[in-house]
Structure formats: structure tokens, C-alpha cells
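Structure data follow from work.txt (compact mmCIF, C-alpha atoms):
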```
# COMPACT_ATOMS: atom_id res chain seq x y z
CA MET A 26 -44.08 106.10 172.85
CA PHE A 27 -42.00 109.00 171.58
CA PHE A 28 -38.83 106.90 171.84
CA TYR A 29 -40.41 104.07 169.85
CA PHE A 30 -41.52 106.46 167.11
CA SER A 31 -38.09 108.09 166.80
CA PHE A 32 -36.26 104.76 166.73
CA SER A 33 -38.60 103.32 164.13
CA SER A 34 -38.26 106.41 161.95
CA LEU A 35 -34.48 106.23 162.17
CA MET A 36 -34.48 102.57 161.16
CA ARG A 37 -36.75 103.25 158.20
CA GLN A 38 -34.55 106.20 157.15
CA LYS A 39 -31.41 104.08 157.38
CA LYS A 40 -32.97 101.30 155.31
CA SER A 41 -34.21 103.75 152.69
CA SER A 42 -30.82 105.52 152.42
CA SER A 43 -28.77 102.32 152.13
CA PRO A 44 -29.32 101.86 148.34
CA PHE A 45 -28.51 105.53 147.82
CA LEU A 46 -25.19 105.17 149.66
CA LYS A 47 -24.36 102.13 147.60
CA VAL A 48 -25.02 104.08 144.43
CA VAL A 49 -22.85 106.98 145.64
CA ILE A 50 -20.01 104.64 146.56
CA LEU A 51 -20.31 102.85 143.24
CA LEU A 52 -20.19 106.14 141.38
CA LEU A 53 -17.13 107.23 143.34
CA VAL A 54 -15.40 103.95 142.54
CA LEU A 55 -16.25 104.36 138.88
CA VAL A 56 -15.03 107.95 138.84
CA VAL A 57 -11.71 107.02 140.50
CA ALA A 58 -11.25 103.99 138.24
CA GLY A 59 -12.16 106.08 135.23
CA TYR A 60 -9.66 108.74 136.22
CA PHE A 61 -6.78 106.28 136.51
CA TRP A 62 -7.79 104.49 133.30
CA THR A 63 -8.01 107.78 131.42
CA ARG A 64 -4.68 108.91 132.82
CA SER A 65 -3.07 105.62 131.81
CA ALA A 66 -4.55 105.77 128.31
CA TYR A 67 -3.54 109.42 127.94
CA ASN A 68 0.10 108.65 128.81
CA GLN A 69 0.27 105.28 127.08
CA PRO A 70 3.33 104.97 124.82
CA ILE A 71 2.99 104.50 121.08
CA THR A 72 4.12 101.02 120.05
CA TYR A 73 5.41 99.91 116.67
CA PRO A 74 6.06 96.38 115.41
CA SER A 75 9.73 95.60 114.80
CA GLU A 76 11.33 97.55 111.93
CA THR A 77 8.25 99.65 111.14
CA LYS A 78 8.93 102.03 108.24
CA ILE A 79 6.98 105.28 108.01
CA THR A 80 7.60 107.33 104.89
CA ILE A 81 6.88 111.04 105.15
CA GLU A 82 6.17 112.92 101.95
CA LYS A 83 5.34 116.53 101.29
CA TRP A 84 2.14 117.68 103.08
CA ASP A 85 2.09 114.66 105.43
CA THR A 86 1.34 115.45 109.08
CA ILE A 87 2.26 114.05 112.47
CA ALA A 88 -0.83 111.85 112.22
CA SER A 89 1.19 109.51 110.02
CA PHE A 90 3.00 108.33 113.13
CA TYR A 91 -0.15 107.19 114.97
CA ALA A 92 -2.43 106.21 112.11
CA HIS A 93 -2.00 102.54 113.05
CA GLN A 94 -3.53 103.02 116.51
CA SER A 95 -7.04 101.95 117.47
CA GLY A 96 -9.82 104.54 117.77
CA ILE A 97 -9.55 105.16 121.52
CA GLN A 98 -5.73 105.17 121.45
CA LYS A 99 -5.77 107.57 118.54
CA PHE A 100 -8.16 109.85 120.44
CA PHE A 101 -5.87 110.10 123.45
CA THR A 102 -2.77 110.56 121.27
CA LYS A 103 -4.44 113.46 119.46
CA LEU A 104 -5.47 114.94 122.81
CA TRP A 105 -1.92 114.63 124.17
CA LEU A 106 -0.46 116.25 121.05
CA ARG A 107 -2.95 119.09 121.25
CA ASN A 108 -2.01 119.73 124.89
CA ASN A 109 1.71 119.58 124.02
CA SER A 110 1.65 121.38 120.70
CA SER A 111 4.89 123.22 121.50
CA LEU A 112 6.76 119.91 121.18
CA LEU A 113 5.54 119.17 117.66
CA PRO A 114 8.52 118.86 115.28
CA LYS A 115 8.77 120.15 111.75
CA LEU A 116 8.48 117.00 109.65
CA GLN A 117 11.14 116.29 107.08
CA GLU A 118 10.60 114.07 104.07
CA GLY A 119 12.15 110.63 104.29
CA THR A 120 11.71 107.19 105.80
CA TYR A 121 11.66 106.78 109.56
CA LEU A 122 12.55 103.39 111.04
CA LEU A 123 10.80 102.63 114.36
CA SER A 124 10.73 99.60 116.64
CA GLY A 125 9.18 99.04 120.06
CA SER A 126 7.47 101.48 122.41
CA TYR A 127 8.11 105.21 122.68
CA GLN A 128 6.77 107.72 125.14
CA LYS A 129 5.12 110.48 123.14
CA ALA A 130 7.67 113.14 124.06
CA GLU A 131 10.49 110.71 123.27
CA LEU A 132 8.98 109.95 119.87
CA LEU A 133 8.69 113.64 118.98
CA THR A 134 12.33 114.17 119.93
CA LEU A 135 13.33 111.25 117.73
CA ILE A 136 11.27 112.53 114.81
CA ASN A 137 12.93 115.92 115.22
CA LYS A 138 16.35 114.30 114.68
CA TRP A 139 15.53 113.54 111.07
CA PRO A 140 14.56 110.25 109.37
CA GLU A 141 16.35 107.50 111.24
CA LYS A 142 16.85 105.25 108.24
CA THR A 143 19.03 107.59 106.22
CA TYR A 144 20.95 109.10 109.12
CA GLN A 145 24.01 107.70 110.84
CA ARG A 146 24.68 108.07 114.55
CA LEU A 147 28.10 109.53 115.38
CA THR A 148 29.40 109.87 118.93
CA LEU A 149 32.32 112.27 119.36
CA LEU A 150 33.91 111.84 122.78
CA GLU A 151 35.16 114.60 125.06
CA GLY A 152 38.78 115.63 124.71
CA ARG A 153 39.16 114.39 121.14
CA SER A 154 41.04 116.59 118.67
CA ILE A 155 40.33 117.14 114.97
CA TYR A 156 42.89 114.38 114.32
CA ASP A 157 40.93 111.94 116.48
CA ILE A 158 37.63 112.92 114.87
CA ASP A 159 39.15 112.57 111.41
CA GLN A 160 40.33 109.03 112.21
CA TYR A 161 36.95 108.15 113.75
CA LEU A 162 35.00 109.35 110.71
CA ALA A 163 37.31 107.44 108.39
CA ASN A 164 36.81 104.28 110.45
CA LYS A 165 33.05 104.79 110.21
CA GLY A 166 33.21 105.21 106.45
CA VAL A 167 31.80 108.72 106.63
CA SER A 168 34.80 110.30 104.91
CA SER A 169 38.33 109.53 103.84
CA LEU A 170 41.30 110.06 106.14
CA GLY A 171 42.29 113.72 106.10
CA ASP A 172 38.95 115.03 104.75
CA PHE A 173 37.66 116.32 108.10
CA ILE A 174 40.95 118.04 108.94
CA ALA A 175 40.97 119.71 105.53
CA LYS A 176 37.36 120.84 105.93
CA VAL A 177 37.75 122.41 109.38
CA SER A 178 40.99 124.10 108.27
CA ASP A 179 39.64 125.53 105.02
CA GLN A 180 39.75 129.31 105.49
CA SER A 181 37.15 130.00 102.78
CA TYR A 182 34.77 127.58 104.47
CA ILE A 183 35.43 129.15 107.87
CA ASN A 184 34.73 132.62 106.48
CA GLU A 185 31.43 131.30 105.10
CA LEU A 186 30.51 129.89 108.51
CA LYS A 187 31.24 133.23 110.20
CA ASN A 188 28.09 134.60 108.58
CA GLN A 189 26.03 132.14 110.64
CA PHE A 190 28.16 131.81 113.78
CA SER A 191 29.41 135.19 114.98
CA PHE A 192 31.65 133.72 117.69
CA LEU A 193 33.98 132.39 114.98
CA ALA A 194 35.27 135.93 114.59
CA MET A 195 37.61 135.19 117.51
CA ILE A 196 39.57 132.59 115.49
CA PRO A 197 43.06 133.91 114.63
CA ALA A 198 43.87 134.07 110.92
CA GLY A 199 44.88 130.74 109.45
CA LYS A 200 43.67 128.62 112.38
CA SER A 201 41.15 125.77 112.21
CA LEU A 202 37.78 125.32 113.90
CA GLU A 203 39.40 123.41 116.76
CA GLY A 204 37.88 124.53 120.05
CA PHE A 205 34.40 125.08 118.60
CA LEU A 206 33.53 121.53 117.48
CA TYR A 207 31.40 120.49 120.42
CA PRO A 208 31.67 116.80 121.43
CA ASP A 209 28.30 115.03 121.47
CA THR A 210 26.18 112.47 119.62
CA TYR A 211 25.03 113.57 116.18
CA PHE A 212 22.85 112.19 113.38
CA ILE A 213 24.13 112.91 109.89
CA ASP A 214 22.92 112.07 106.39
CA GLN A 215 25.76 110.52 104.40
CA ASN A 216 23.98 111.32 101.15
CA SER A 217 24.13 115.07 101.65
CA ASP A 218 27.63 116.40 102.49
CA PRO A 219 28.00 114.67 105.88
CA LEU A 220 31.00 116.73 106.97
CA ASP A 221 29.23 120.05 106.46
CA GLN A 222 26.20 118.74 108.38
CA LEU A 223 28.36 117.50 111.24
CA ILE A 224 30.45 120.66 111.52
CA ARG A 225 27.42 122.95 111.49
CA ALA A 226 25.71 120.77 114.12
CA GLN A 227 28.82 120.94 116.31
CA LEU A 228 29.01 124.71 115.97
CA LYS A 229 25.33 125.06 116.77
CA ASN A 230 25.86 122.94 119.88
CA PHE A 231 28.85 125.08 120.90
CA ASN A 232 26.74 128.19 120.46
CA GLU A 233 23.95 126.86 122.68
CA LYS A 234 26.07 125.27 125.40
CA ASN A 235 29.24 127.34 125.57
CA TRP A 236 28.81 130.70 123.85
CA LEU A 237 25.31 131.94 124.66
CA PRO A 238 25.43 131.11 128.41
CA ASN A 239 28.99 132.42 128.90
CA GLN A 240 29.75 135.01 126.24
CA GLU A 241 29.87 138.00 128.61
CA GLU A 242 32.18 136.18 131.02
CA LEU A 243 34.37 134.98 128.17
CA LYS A 244 34.75 138.49 126.80
CA ASN A 245 36.03 139.78 130.15
CA PHE A 246 37.77 136.77 131.73
CA SER A 247 41.12 137.96 133.08
CA PRO A 248 41.81 136.12 136.36
CA ALA A 249 44.84 137.36 138.26
CA GLY A 250 45.45 139.84 135.45
CA ILE A 251 45.99 137.09 132.86
CA ASN A 252 44.35 137.50 129.46
CA LEU A 253 42.09 134.46 129.19
CA GLN A 254 39.39 136.15 127.19
CA ASN A 255 37.47 134.34 124.44
CA TYR A 256 39.89 132.23 122.38
CA ASN A 257 42.47 132.00 125.16
CA ALA A 258 39.83 130.65 127.51
CA LEU A 259 39.03 127.91 124.99
CA ILE A 260 42.71 127.03 124.75
CA LEU A 261 43.09 126.57 128.51
CA ALA A 262 39.72 124.83 128.84
CA SER A 263 40.73 122.35 126.14
CA ILE A 264 43.89 121.47 128.05
CA ILE A 265 41.89 121.00 131.26
CA GLU A 266 39.46 118.80 129.29
CA ASN A 267 42.29 116.42 128.45
CA GLU A 268 44.20 116.62 131.70
CA GLU A 269 41.34 115.90 134.12
CA LYS A 270 38.30 113.70 133.53
CA ASN A 271 36.76 114.09 136.98
CA THR A 272 34.40 117.09 136.84
CA GLU A 273 34.76 117.75 140.57
CA ASN A 274 38.52 118.23 140.23
CA LYS A 275 38.43 120.53 137.21
CA PRO A 276 37.93 123.87 139.07
CA THR A 277 41.02 123.12 141.19
CA ILE A 278 43.08 122.09 138.15
CA ALA A 279 41.96 125.29 136.41
CA GLY A 280 43.15 127.28 139.42
CA ILE A 281 46.53 125.54 139.34
CA PHE A 282 47.04 126.38 135.66
CA ILE A 283 46.10 130.00 136.33
CA ASN A 284 48.62 130.11 139.20
CA ARG A 285 51.31 128.75 136.87
CA LEU A 286 50.53 131.29 134.16
CA GLN A 287 50.65 134.11 136.69
CA LYS A 288 54.10 133.03 137.88
CA GLY A 289 55.43 132.48 134.36
CA MET A 290 55.75 128.73 134.90
CA ARG A 291 55.25 126.09 132.24
CA LEU A 292 51.84 124.42 132.19
CA ASP A 293 53.54 120.99 132.01
CA ALA A 294 50.53 119.31 130.41
CA ASP A 295 51.94 116.31 128.56
CA VAL A 296 48.83 115.77 126.50
CA SER A 297 49.20 119.10 124.69
CA LEU A 298 52.41 117.88 123.04
CA CYS A 299 50.38 115.37 121.03
CA TYR A 300 48.48 118.05 119.16
CA GLY A 301 51.68 119.51 117.74
CA LEU A 302 52.59 116.10 116.32
CA LYS A 303 49.29 116.12 114.36
CA ILE A 304 48.40 112.59 115.34
CA THR A 305 45.59 111.03 117.37
CA TYR A 306 45.91 110.94 121.13
CA ASP A 307 45.88 107.13 121.06
CA LYS A 308 48.93 107.07 118.77
CA CYS A 309 50.65 109.80 120.74
CA ARG A 310 51.03 107.96 124.03
CA ALA A 311 54.23 106.27 122.94
CA ALA A 312 55.54 109.50 121.42
CA ILE A 313 55.31 111.75 124.48
CA VAL A 314 58.54 110.83 126.27
CA PRO A 315 60.84 110.97 123.19
CA ASN A 316 59.48 114.46 122.35
CA LEU A 317 59.43 116.07 125.81
CA ASN A 318 62.41 118.33 125.11
CA ASN A 319 61.33 119.43 121.64
CA ARG A 320 60.95 123.21 121.89
CA ASP A 321 60.08 123.46 118.19
CA ASN A 322 56.74 121.87 118.99
CA LEU A 323 54.85 124.94 120.19
CA TYR A 324 52.24 122.66 121.77
CA ASN A 325 54.89 121.13 124.04
CA THR A 326 54.07 122.80 127.36
CA ARG A 327 56.90 120.89 129.01
CA ALA A 328 59.40 122.88 126.95
CA ASN A 329 57.53 126.14 126.31
CA THR A 330 55.81 128.59 128.64
CA GLY A 331 52.37 130.09 128.13
CA LEU A 332 49.35 128.78 126.28
CA THR A 333 49.41 126.60 123.20
CA PRO A 334 48.79 128.36 119.84
CA THR A 335 45.26 126.90 119.57
CA PRO A 336 42.90 124.72 121.58
CA ILE A 337 43.87 121.04 121.52
CA SER A 338 40.24 119.85 121.51
CA SER A 339 36.81 121.41 121.95
CA PRO A 340 35.88 121.84 125.64
CA THR A 341 32.56 120.71 127.05
CA GLN A 342 30.14 122.94 128.89
CA ALA A 343 31.21 121.48 132.26
CA THR A 344 34.91 122.12 131.62
CA LEU A 345 34.43 125.68 130.41
CA TRP A 346 32.21 126.32 133.43
CA ALA A 347 34.95 124.92 135.71
CA LEU A 348 37.49 127.33 134.22
CA LEU A 349 35.26 130.38 134.49
CA ARG A 350 34.56 129.47 138.11
CA TYR A 351 38.02 128.18 138.96
CA LYS A 352 38.94 127.38 142.53
CA LYS A 353 41.55 129.63 144.09
CA SER A 354 44.32 127.89 146.04
CA ASP A 355 48.07 127.99 146.64
CA TYR A 356 48.59 124.81 144.65
CA LEU A 357 51.06 124.76 141.79
CA PHE A 358 51.32 121.02 141.27
CA TYR A 359 49.09 117.98 140.96
CA LEU A 360 49.45 114.35 140.03
CA HIS A 361 47.21 111.33 139.71
CA GLY A 362 48.14 108.46 141.99
CA SER A 363 47.96 104.79 141.12
CA ASP A 364 45.15 104.60 143.68
CA GLY A 365 42.93 106.75 141.47
CA GLN A 366 43.19 109.80 143.72
CA ILE A 367 44.55 113.23 142.79
CA TYR A 368 47.23 114.83 144.96
CA TYR A 369 47.95 118.57 145.12
CA GLY A 370 51.05 120.42 146.23
CA ALA A 371 51.94 124.08 146.80
CA THR A 372 55.70 123.49 146.69
CA VAL A 373 58.16 121.26 144.87
CA GLU A 374 58.79 119.47 148.16
CA GLU A 375 55.08 118.68 148.58
CA HIS A 376 54.89 117.54 144.97
CA ASN A 377 57.88 115.23 145.41
CA GLN A 378 56.32 113.83 148.55
CA ASN A 379 53.13 113.13 146.65
CA LYS A 380 55.06 111.06 144.13
CA ILE A 381 55.08 108.17 146.58
CA HIS A 382 51.51 107.56 145.41
CA LEU A 383 52.59 106.90 141.82
```
Write-out of the structure in C-alpha cells:
Amino acid sequence: MFFYFSFSSLMRQKKSSSPFLKVVILLLVLVVAGYFWTRSAYNQPITYPSETKITIEKWDTIASFYAHQSGIQKFFTKLWLRNNSSLLPKLQEGTYLLSGSYQKAELLTLINKWPEKTYQRLTLLEGRSIYDIDQYLANKGVSSLGDFIAKVSDQSYINELKNQFSFLAMIPAGKSLEGFLYPDTYFIDQNSDPLDQLIRAQLKNFNEKNWLPNQEELKNFSPAGINLQNYNALILASIIENEEKNTENKPTIAGIFINRLQKGMRLDADVSLCYGLKITYDKCRAAIVPNLNNRDNLYNTRANTGLTPTPISSPTQATLWALLRYKKSDYLFYLHGSDGQIYYGATVEEHNQNKIHL
């Protein structure tokens, strides 16, 4: 009798709790689904029809960039912006041209790069000298041939820039801004002195990527007793930038150049000769061999010992880092084989043996 009562009670309890369990499970499903839906809506990109123009005027806010969204989308965009307020850019007046979908952080970065419609994208490649940049800007219609060289060599202009960029104090009298014009992609407004904008942006980039992280090391860099402090470090780094494109090899190449300087040997970097001819590196290829013995060209490291008078380009962060953390070795020579490999040698005999790979 007791068994029957207990079993019956259990069955009734099970039946009575079944709807409750269903409700609990349903609620859990709804909560999980709601969570993922909310998360998706929160992180949903902002989409613009092709060639959408948004004009920002004085007193406009970031809301101008999501005013076209529906109510629920606008709610989550506002919530995301509130939670990421540190990313909010300072809006500048002008017309922004947008197309397609942008993640919210990506959009804010784009907005921070000025109105897209009135700004031109310029990509300055690593290892390019002021002569290369000048030719590039002329080809792009940004300036006339010779304008950029004149601007970065103008001593009055350089003195003006020294008030904003203290590291320019290391430039020897009469020298240009070569070595400080960081290679990168820039957005410039052609309607408002594009060269000044570009140069200041390059200097700001140099300050952030090369000077601030390394200034103490640069001030005291004297490996093997050689003065490679500040400006001299930029000179050697610029040569390494042009001599070796593989980042992994750069510390070893830096060590080889330091070994050569210590022994009073020539650097023998063919590419440096080009800078003394004041032509682009593309045009210089055919001019290297006929000028190899020209000692009057102080940038000819095949004929002259020591560093060149100035940098021959502006080194990247990776190249300057490779120099400051150069790899010690006994190597004095290197060459690039036709197989794409680099071959090192500690003696002339080893170097000559390596030439079979040419």
C-alpha cells in the first residue's frame, strides 16, 4: 500500500512538473537566442549604398554617420559608440564618400583620416629617396617636378618645423629632411598646401614609430666603438633599407656593415651611389656601373670609406630596429644569389666561393 501511494505521488508530481520544465527550457532557449541576436545586432556593420555622400558642417555630430539606420540598428550603434567613446574621432568639416559595409571601429578610423572625397591617397614605398618621392608626386599631379625636393631642402622651412619636431635638431646645417620622411600611406588635401600636409604627416609618423620608441638608444648607439648615434644611425639604417628587403636578414646585414666600419673597410653598397647622382633609383640602375670609380660622388661607397653624408632614404621602424639590435658575427661579405638566397662570408675566399650562386 505504501509503495502504491509513493509511486502514484511520484507520477502525479512528474506530470505536474512537466509543463514547468517546458517553460524553463523555452525561456532558456529564448535567453540564449536573444543573447546571440543582441550580440549580432550590437556588432553589425554600418552599411551605406554605393557612393553615399555625408556632408559634415560645423556643430554636426557623429550621429550624422548613422542617421540612415532603422530604430533598432540606431539603438545598438549608439550603445556601441557609448561603450567605445575613446575611439570617437574629432569631426572635420567636409564631404565624406562612403560605399559598402564598415565595421564600427573601421568606420571611425576612416572618419579620423579626414573627408575621403577631398583627400588623395598617396603610398610612399620603403627605400624611396626624396628624388623618388618627388617623381611620384609629379606623376600623381600633386606637385610639379622638383617642388618636393625644394620643399624638404628649404632651410627656413626646416627651421620652422624644428619648433614642432625636436628630433630635427640633429640635422646638420644645410641638409634636407631625408631620413625623417617616413614611408607609409597618407591622405592629403590637394586644395590646402599638399606638400606641407604630407611632410608634416611623415614627420609625425617618424616621431611615433622611430623616435619616441628608440630615442634613448639612438642617443647612445656606439657599437664596437663606432659613432652611430642619432643622425649616423639613420644614415646606416637607410642604406640597410635599400640593400636588404628581407626583414629577417637585416640584423645580420647591419652587423656586417658595423664590422666593415670598425675595420675601416668600404661599405660597398652600390645603391648609395644613386643618391649622389640626384636621380630616382629606377633611373640609376643603368648608371651604377659607369660611376663605380667616381670618388667625387661622396655617396659612392664603392670608392669612399665611411658613411654617406646623409641618409639615402627614410628607414622604416623594422629596419631601424634591426640596426639597433644588430646580429654580431664574423661576416664581412654578403651577396644575393640567383636562387633568391643570401650568402655570407667572413673572408674574401669565402665570398669568392659564394659567387658561384650568382
Length of the atom CA of Phe100 of chain A to atom CA of Tyr73 of chain A vector [Å]: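 For atom CA of Phe100 of chain A relative to atom CA of Tyr73 of chain A, the distance reads 17.2 Å.
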Nearest residue to Gln69 of chain A from the set A:Tyr256, A:Tyr121, A:Trp105, A:Tyr182 (distances using all atoms listed in the file):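 Distance minimum relative to Gln69 of chain A lands on A:Trp105.
Distance annotation: of A:Thr333, A:Asn235, A:Asn230, A:Gln254, the residue with the minimal separation from Tyr300 of chain A is A:Thr333; atom set is all atoms listed in the file.
Straight-line separation from atom CA of Arg327 of chain A to atom CA of Asn379 of chain A: 19.6 Å.
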Residues within 7 Å of (6.1, 107.5, 121.4), file coords, only C-alpha atoms, listed as a PyMOL selection string: chain A and resi 70-72+126-132
Selection: 10 Å around Pro197 of chain A, only C-alpha atoms, excl. self and same-chain fewer than 2 positions, as a list in words: Leu193, Ala194, Met195, Gly199, Lys200, Ser201, Tyr256, Pro334 and Thr335 of chain A
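Closest approach to Glu76 of chain A from the set A:Ser124, A:Asn164, A:Pro248, A:Tyr351 is made by A:Ser124, with distances taken over all atoms listed in the file.
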Atom CA of Ile97 of chain A to atom CA of Ser75 of chain A, straight-line distance in Å: 22.5 Å
Neighbour list for Ile81 of chain A as a PyMOL selection string, cut-off 9 Å, all atoms listed in the file, skip fewer than 6 positions in-chain: chain A and resi 89+116-121+140
Please write a file for segment 250-272 of chain A, taken from the block I just shared, that holds N, CA and C atoms and is laid out as a short mmCIF file (atom, residue, chain, number, x, y, z; two decimals), in the first residue's frame.
```cif
data_model
loop_
_atom_site.label_atom_id
_atom_site.label_comp_id
_atom_site.auth_asym_id
_atom_site.auth_seq_id
_atom_site.Cartn_x
_atom_site.Cartn_y
_atom_site.Cartn_z
N GLY A 250 82.48 50.72 -30.61
CA GLY A 250 83.18 51.99 -30.52
C GLY A 250 82.96 52.93 -31.69
N ILE A 251 82.02 52.60 -32.57
CA ILE A 251 81.74 53.42 -33.75
C ILE A 251 80.61 54.38 -33.42
N ASN A 252 80.77 55.63 -33.79
CA ASN A 252 79.72 56.63 -33.54
C ASN A 252 78.57 56.45 -34.53
N LEU A 253 77.53 55.79 -34.07
CA LEU A 253 76.31 55.64 -34.87
C LEU A 253 75.13 56.24 -34.13
N GLN A 254 75.39 57.31 -33.45
CA GLN A 254 74.34 57.97 -32.68
C GLN A 254 73.47 58.84 -33.59
N ASN A 255 72.18 58.87 -33.26
CA ASN A 255 71.21 59.75 -33.91
C ASN A 255 71.30 59.76 -35.44
N TYR A 256 71.79 60.85 -36.01
CA TYR A 256 71.79 61.02 -37.46
C TYR A 256 72.59 59.94 -38.16
N ASN A 257 73.72 59.55 -37.59
CA ASN A 257 74.54 58.50 -38.20
C ASN A 257 73.80 57.16 -38.25
N ALA A 258 73.00 56.90 -37.23
CA ALA A 258 72.21 55.67 -37.23
C ALA A 258 71.19 55.70 -38.37
N LEU A 259 70.59 56.85 -38.62
CA LEU A 259 69.64 56.97 -39.73
C LEU A 259 70.33 56.76 -41.07
N ILE A 260 71.55 57.25 -41.19
CA ILE A 260 72.30 57.06 -42.44
C ILE A 260 72.50 55.58 -42.71
N LEU A 261 73.02 54.86 -41.71
CA LEU A 261 73.30 53.43 -41.92
C LEU A 261 71.99 52.65 -42.09
N ALA A 262 70.97 52.99 -41.33
CA ALA A 262 69.69 52.29 -41.46
C ALA A 262 69.09 52.51 -42.85
N SER A 263 69.28 53.69 -43.42
CA SER A 263 68.74 53.95 -44.76
C SER A 263 69.45 53.12 -45.82
N ILE A 264 70.73 52.87 -45.63
CA ILE A 264 71.47 52.03 -46.56
C ILE A 264 71.00 50.58 -46.45
N ILE A 265 70.82 50.12 -45.20
CA ILE A 265 70.30 48.77 -44.98
C ILE A 265 68.91 48.62 -45.60
N GLU A 266 68.10 49.67 -45.47
CA GLU A 266 66.74 49.65 -46.03
C GLU A 266 66.76 49.34 -47.52
N ASN A 267 67.74 49.89 -48.22
CA ASN A 267 67.82 49.71 -49.67
C ASN A 267 68.60 48.47 -50.08
N GLU A 268 69.49 48.03 -49.23
CA GLU A 268 70.31 46.87 -49.57
C GLU A 268 69.61 45.54 -49.32
N GLU A 269 68.73 45.49 -48.34
CA GLU A 269 68.11 44.21 -47.96
C GLU A 269 66.62 44.38 -47.70
N LYS A 270 65.81 43.68 -48.45
CA LYS A 270 64.35 43.78 -48.31
C LYS A 270 63.79 42.76 -47.33
N ASN A 271 64.51 41.68 -47.10
CA ASN A 271 64.04 40.64 -46.19
C ASN A 271 64.32 41.05 -44.74
N THR A 272 63.26 41.26 -43.97
CA THR A 272 63.40 41.74 -42.59
C THR A 272 64.26 40.81 -41.74
#
```
